[in-house]
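Chemist: Please find one structure pasted underneath; my questions will follow.
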Amino acid sequence: ETHRPKTIVTRKLPAAVEARMAELFDLELNASDVPMTEAQLKEAVARCEVFVPTVSDDITADVLSAAGSQLKLIANFGVGVDHIDLAAARAKDILVTNTPGVLTEDTADMVMALILAVPRRLAEGEKQVRAGKWRGWAPTGMLGHRVNGKRLGIIGMGRIGRAVAQRARAFGLEIHYHNRHRLPDQVEEELAATHHEDLDDMLADIDILTINCPYTSETRHLIDEQRLALLGSDVYIINAARGEIIDEQALTDALEKGTIAGAGLDVYENEPHIGERLLALENVVLLPHLGSATFEGREAMGDRVIANIRVWADGHRPPDQVLEGWA
Ligand code: 8YV
């Protein structure tokens, strides 16, 4: 008889994922699809062995202080784990796993969609048509900026950054990147990517910037007022990573003043809240955190969560253990 760990899931997941989990685990689902309150999170971690949160659940040290010794594994549904206090989990010997790999291509597709949509004014054009304001083709009608042939700067060359680079190359963009570590020569060659040790140097020399690094204490407001000032007034910024990596107020200021050309955002500092000033701008495309939102991707994420729980329940080290805080 295999161990069926008491597992609590915070959000509604695809039905197939929930059904498979119910077969394998002693499962408790959240019947409503609103995020749990802090009190509910505490109540849950106090009685489950395995906890399955998502990006919308803040698993702070305070929440984890309510966890009893029965809580052994936080199997996050998602790749980013910035909403989980890893040090607090480590201190309580709670393992944390995530779902890498399975949402790489979908997220890179969305980044590419924004890279094309913002300079080419796709959303603006669509809104014009729907509003009945289109008066027919004109030689100077709603011109945007050419994307092919431009220089793309990628911050974070992990799985997602590299998948963006592959796509962007096919669209004729020149690839530049800044990363914690330089990529092996062979990978750099395959992606025709130019490494920039110094982020500021890269920012001064690109046409489009995309953020694809994790959000950590080191990347909080990595793009701040000073760095925004390094970008030219014809530069576009894309962010489908985490809102906190950019100082959103400073970004809004730069967009309002026109010191940068536009932005494509899938993530925000205080989701789902988006500032009025940002909402009022024309030169931005604003998406509701859709990076990995495909049917296929969500099922694959569920499969990874299940795999991690099963391997752990069998007494082994789960394949996607997040090792930050364990060094
Ligand atoms: C998910 C994401 O929608 O995986 C991530 O880090 O940001 C998104 O792809 C969300 O995190 C699920 O928890």
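Chains: A, B, ... in order of the structure tokens. Residues: from 1 per chain. Ligands: from 1, in order shown.
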Could I get the residues of chain A with an atom no further than 6 Å from an atom of ligand 1, each paired with its nearest atom pair and that distance in Å to one decimal, using only C-alpha atoms and all ligand atoms, sorted by chain and residue number, as CSV?

Modeler:
```
residue,atom,partner,partner_atom_place_in_ligand_line,distance
A:Thr54,CA,ligand 1,13 (O),3.5
A:Val55,CA,ligand 1,13 (O),3.9
A:Phe77,CA,ligand 1,13 (O),4.8
A:Gly78,CA,ligand 1,4 (O),3.3
A:Val79,CA,ligand 1,4 (O),3.9
A:Gly80,CA,ligand 1,6 (O),3.4
A:Gly291,CA,ligand 1,9 (O),5.5
A:Ser292,CA,ligand 1,9 (O),4.3
```

Chemist: Restrict the selected residues to N, CA and C atoms and save them as a PDB file, in the first residue's frame.

Modeler:
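Output (result33.pdb):
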```
ATOM      1  N   THR A  54      -0.057  28.236  -5.682  1.00  0.00           N
ATOM      2  CA  THR A  54       0.253  28.835  -6.979  1.00  0.00           C
ATOM      3  C   THR A  54       0.846  30.224  -6.728  1.00  0.00           C
ATOM      4  N   VAL A  55       1.110  30.907  -7.811  1.00  0.00           N
ATOM      5  CA  VAL A  55       1.706  32.237  -7.727  1.00  0.00           C
ATOM      6  C   VAL A  55       0.829  33.210  -6.939  1.00  0.00           C
ATOM      7  N   PHE A  77       2.609  24.817  -8.009  1.00  0.00           N
ATOM      8  CA  PHE A  77       2.056  24.701  -9.368  1.00  0.00           C
ATOM      9  C   PHE A  77       2.521  25.933 -10.134  1.00  0.00           C
ATOM     10  N   GLY A  78       3.680  25.839 -10.781  1.00  0.00           N
ATOM     11  CA  GLY A  78       4.278  26.988 -11.459  1.00  0.00           C
ATOM     12  C   GLY A  78       5.783  26.925 -11.307  1.00  0.00           C
ATOM     13  N   VAL A  79       6.493  27.659 -12.142  1.00  0.00           N
ATOM     14  CA  VAL A  79       7.962  27.590 -12.091  1.00  0.00           C
ATOM     15  C   VAL A  79       8.547  28.627 -11.143  1.00  0.00           C
ATOM     16  N   GLY A  80       7.989  29.841 -11.127  1.00  0.00           N
ATOM     17  CA  GLY A  80       8.507  30.892 -10.242  1.00  0.00           C
ATOM     18  C   GLY A  80       8.125  30.601  -8.800  1.00  0.00           C
ATOM     19  N   GLY A 291       1.215  34.204 -19.635  1.00  0.00           N
ATOM     20  CA  GLY A 291       2.417  33.544 -20.186  1.00  0.00           C
ATOM     21  C   GLY A 291       2.284  32.045 -20.383  1.00  0.00           C
ATOM     22  N   SER A 292       1.821  31.343 -19.370  1.00  0.00           N
ATOM     23  CA  SER A 292       1.769  29.877 -19.483  1.00  0.00           C
ATOM     24  C   SER A 292       0.333  29.376 -19.617  1.00  0.00           C
TER      25      SER A 292
END
```

Chemist: I want to know what sits within 12 Å of Ala61 in chain A, based on only C-alpha atoms, with residues of the same chain fewer than 2 positions away left out; could you give that as a PyMOL selection string?

Modeler: chain A and resi 38+41-42+45+58-59+63-67+83-92

Chemist: Using DSSP assignments from the backbone, pull out every residue in range 166-242 of chain A that falls under helix (DSSP H, G or I) and give it to me as a list in words.

Modeler: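 DSSP-assigned helix (DSSP H, G or I) residues in range 166-242 of chain A: Gln166, Arg167, Ala168, Arg169, Ala170, Asp185, Gln186, Val187, Glu188, Glu189, Glu190, Leu191, Leu199, Asp200, Asp201, Met202, Leu203, Glu225, Gln226, Arg227, Leu228, Ala229 and Leu230 of chain A.
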
Chemist: One number please: CA of Val129 in chain A to CA of Leu143 in chain A, in Å, one decimal.

Modeler: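 Value for the CA of Val129 in chain A-CA of Leu143 in chain A distance: 15.1 Å.
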
Chemist: Would you kindly return, as a list in words, each protein, DNA or RNA residue with an atom no farther than 7 Å from any atom of His178 in chain A, considering only C-alpha atoms and excluding same-chain residues fewer than 2 positions away?

Modeler: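 So, after excluding close chain neighbours, the residues are Ile154, Ile155, Gly156, His195, His196, Glu197 and Leu199 of chain A.
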
Chemist: Do you have, as a Markdown table, the list of residues of range 256-280 of chain A lying at most 9 Å from range 225-241 of chain A, each with its nearest atom pair and that distance in Å to one decimal, counting only C-alpha atoms and ordered by chain then number?

Modeler:
```
| residue | atom | partner | partner_atom | distance |
| --- | --- | --- | --- | --- |
| A:Gly258 | CA | A:Ser233 | CA | 6.4 |
| A:Thr259 | CA | A:Ser233 | CA | 4.5 |
| A:Ile260 | CA | A:Ser233 | CA | 4.1 |
| A:Ala261 | CA | A:Asp234 | CA | 4.8 |
| A:Gly262 | CA | A:Tyr236 | CA | 4.9 |
| A:Ala263 | CA | A:Ile237 | CA | 4.6 |
| A:Gly264 | CA | A:Ile238 | CA | 4.6 |
| A:Leu265 | CA | A:Asn239 | CA | 5.0 |
| A:Asp266 | CA | A:Ala240 | CA | 4.8 |
| A:Val267 | CA | A:Ala240 | CA | 5.7 |
| A:Tyr268 | CA | A:Asn239 | CA | 8.8 |
```

Chemist: Taking N, CA and C atoms for each residue, export the selection above as a compact mmCIF listing (two decimals), in the first residue's frame.

Modeler:
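selection02.txt written:
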```txt
# COMPACT_ATOMS: atom_id res chain seq x y z
N GLY A 258 7.54 59.62 -22.59
CA GLY A 258 8.04 59.24 -23.91
C GLY A 258 9.55 59.06 -23.95
N THR A 259 10.17 58.85 -22.78
CA THR A 259 11.61 58.59 -22.79
C THR A 259 11.90 57.14 -23.19
N ILE A 260 10.87 56.29 -23.19
CA ILE A 260 10.93 54.99 -23.88
C ILE A 260 9.68 54.90 -24.76
N ALA A 261 9.72 53.98 -25.75
CA ALA A 261 8.67 54.01 -26.78
C ALA A 261 7.39 53.29 -26.38
N GLY A 262 7.52 52.21 -25.61
CA GLY A 262 6.32 51.45 -25.27
C GLY A 262 6.67 50.24 -24.45
N ALA A 263 5.63 49.51 -24.00
CA ALA A 263 5.87 48.33 -23.18
C ALA A 263 4.80 47.28 -23.43
N GLY A 264 5.21 46.03 -23.30
CA GLY A 264 4.29 44.90 -23.36
C GLY A 264 4.42 44.16 -22.04
N LEU A 265 3.36 44.21 -21.25
CA LEU A 265 3.45 43.64 -19.90
C LEU A 265 2.45 42.51 -19.70
N ASP A 266 2.94 41.42 -19.12
CA ASP A 266 2.06 40.30 -18.76
C ASP A 266 1.99 40.16 -17.24
N VAL A 267 2.85 40.92 -16.56
CA VAL A 267 2.97 40.80 -15.10
C VAL A 267 3.10 42.18 -14.49
N TYR A 268 2.74 42.32 -13.21
CA TYR A 268 2.66 43.62 -12.55
C TYR A 268 3.16 43.51 -11.12
```

Chemist: Got a sec: who's within 10 Å of range 297-299 of chain A, counting only C-alpha atoms, leaving out chain neighbours fewer than 3 positions off, as a count of residues only?

Modeler: 22

Chemist: Given only C-alpha atoms as the basis, pick out the residue of A:Ala46, A:Gly153, A:Ile208, A:Ala307 nearest to Gln321 in chain A.

Modeler: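 Comparing A:Ala46, A:Gly153, A:Ile208, A:Ala307 against Gln321 in chain A, the winner is A:Ala307.
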
Chemist: Quick one: pick out all strand (DSSP E or B) residues within range 189-302 of chain A from a backbone DSSP run and write them as a VMD selection string.

Modeler: chain A and resid 193 to 195 208 to 211 223 236 to 239 246 262 to 265 270 273 284 to 286

Chemist: May I have the residues from that selection written out with N, CA and C atoms, as a compact mmCIF listing (two decimals), in the first residue's frame?

Modeler:
```txt
# COMPACT_ATOMS: atom_id res chain seq x y z
N ALA A 193 24.09 34.59 -29.90
CA ALA A 193 23.82 35.55 -28.84
C ALA A 193 25.10 36.21 -28.35
N THR A 194 25.06 37.51 -28.21
CA THR A 194 26.20 38.27 -27.71
C THR A 194 26.03 38.54 -26.22
N HIS A 195 27.02 38.12 -25.45
CA HIS A 195 26.95 38.27 -23.99
C HIS A 195 27.38 39.67 -23.57
N ILE A 208 14.90 46.57 -28.21
CA ILE A 208 13.81 45.94 -27.45
C ILE A 208 14.46 45.21 -26.28
N LEU A 209 13.85 45.35 -25.10
CA LEU A 209 14.36 44.66 -23.90
C LEU A 209 13.31 43.68 -23.43
N THR A 210 13.72 42.44 -23.16
CA THR A 210 12.77 41.49 -22.55
C THR A 210 13.36 40.94 -21.27
N ILE A 211 12.50 40.89 -20.23
CA ILE A 211 12.92 40.39 -18.93
C ILE A 211 12.50 38.92 -18.82
N ILE A 223 15.32 46.93 -13.11
CA ILE A 223 15.09 48.03 -14.04
C ILE A 223 14.42 49.15 -13.25
N TYR A 236 11.54 49.53 -26.70
CA TYR A 236 10.36 48.88 -26.13
C TYR A 236 10.78 47.90 -25.05
N ILE A 237 9.95 47.77 -24.01
CA ILE A 237 10.24 46.84 -22.91
C ILE A 237 9.13 45.79 -22.84
N ILE A 238 9.56 44.53 -22.74
CA ILE A 238 8.61 43.43 -22.61
C ILE A 238 8.87 42.74 -21.27
N ASN A 239 7.82 42.47 -20.51
CA ASN A 239 8.02 41.74 -19.25
C ASN A 239 6.93 40.70 -19.06
N ILE A 246 10.75 45.24 -12.48
CA ILE A 246 10.76 46.61 -12.98
C ILE A 246 10.09 47.51 -11.94
N GLY A 262 7.52 52.21 -25.61
CA GLY A 262 6.32 51.45 -25.27
C GLY A 262 6.67 50.24 -24.45
N ALA A 263 5.63 49.51 -24.00
CA ALA A 263 5.87 48.33 -23.18
C ALA A 263 4.80 47.28 -23.43
N GLY A 264 5.21 46.03 -23.30
CA GLY A 264 4.29 44.90 -23.36
C GLY A 264 4.42 44.16 -22.04
N LEU A 265 3.36 44.21 -21.25
CA LEU A 265 3.45 43.64 -19.90
C LEU A 265 2.45 42.51 -19.70
N ASN A 270 1.77 44.50 -8.41
CA ASN A 270 0.76 44.26 -7.38
C ASN A 270 -0.48 43.62 -8.01
N HIS A 273 -3.84 44.32 -9.41
CA HIS A 273 -3.99 45.78 -9.50
C HIS A 273 -3.04 46.36 -10.55
N VAL A 284 1.13 50.86 -24.66
CA VAL A 284 1.39 49.64 -23.91
C VAL A 284 0.37 48.56 -24.27
N VAL A 285 0.81 47.32 -24.21
CA VAL A 285 -0.10 46.18 -24.32
C VAL A 285 -0.09 45.51 -22.95
N LEU A 286 -1.25 45.39 -22.35
CA LEU A 286 -1.36 44.86 -20.99
C LEU A 286 -2.12 43.54 -21.01
```

Chemist: Near Arg151 in chain A, counting only C-alpha atoms, which residues have an atom at most 7 Å away, once you skip same-chain residues fewer than 6 positions from it, shown as a CSV table (one decimal) with C-alpha atoms, in the first residue's frame?

Modeler:
```csv
chain,number,residue,atom,x,y,z
A,173,LEU,CA,16.4,40.1,-34.5
A,174,GLU,CA,20.0,40.4,-33.3
A,175,ILE,CA,20.3,38.7,-29.9
A,206,ILE,CA,19.4,47.7,-27.8
A,207,ASP,CA,16.0,48.4,-29.4
A,208,ILE,CA,13.8,45.9,-27.5
```

Chemist: Give me the range 76-155 of chain A side of the contact with range 310-315 of chain A, cut-off 12 Å, one line per residue showing its nearest atom pair and distance in Å at one decimal, counting only C-alpha atoms, sorted by chain and residue number, as a tab-separated table.

Modeler:
```
residue	atom	partner	partner_atom	distance
A:Ile94	CA	A:Trp312	CA	11.6
A:Leu95	CA	A:Trp312	CA	9.4
A:Val96	CA	A:Trp312	CA	10.9
A:Thr97	CA	A:Trp312	CA	10.2
```

Chemist: Mind checking which residues fall within 9 Å of Asp33 in chain A, counting only C-alpha atoms, ignoring those fewer than 5 positions away in the same chain, and posting them as a list in words?

Modeler: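 The neighbour list is Thr10, Arg11 and Lys12 of chain A.
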
Chemist: Let me see the file: selected residues, N, CA and C atoms, as a compact mmCIF listing (two decimals), in the first residue's frame.

Modeler:
```txt
# COMPACT_ATOMS: atom_id res chain seq x y z
N THR A 10 -4.52 24.86 -3.39
CA THR A 10 -5.12 26.16 -3.07
C THR A 10 -6.10 26.68 -4.12
N ARG A 11 -5.87 26.32 -5.39
CA ARG A 11 -6.70 26.89 -6.47
C ARG A 11 -7.32 25.79 -7.31
N LYS A 12 -8.34 26.17 -8.06
CA LYS A 12 -8.96 25.21 -8.96
C LYS A 12 -7.99 24.90 -10.09
```

Chemist: Distance CA of Asp205 in chain A-CA of Tyr177 in chain A, one decimal place?

Modeler: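 Straight-line distance from CA of Asp205 in chain A to CA of Tyr177 in chain A works out to 11.2 Å.
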
Chemist: Grab the CA of Glu269 in chain A to CA of Asp57 in chain A distance for me, in Å with one decimal place.

Modeler: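 Answer for the CA of Glu269 in chain A to CA of Asp57 in chain A separation: 14.5 Å.
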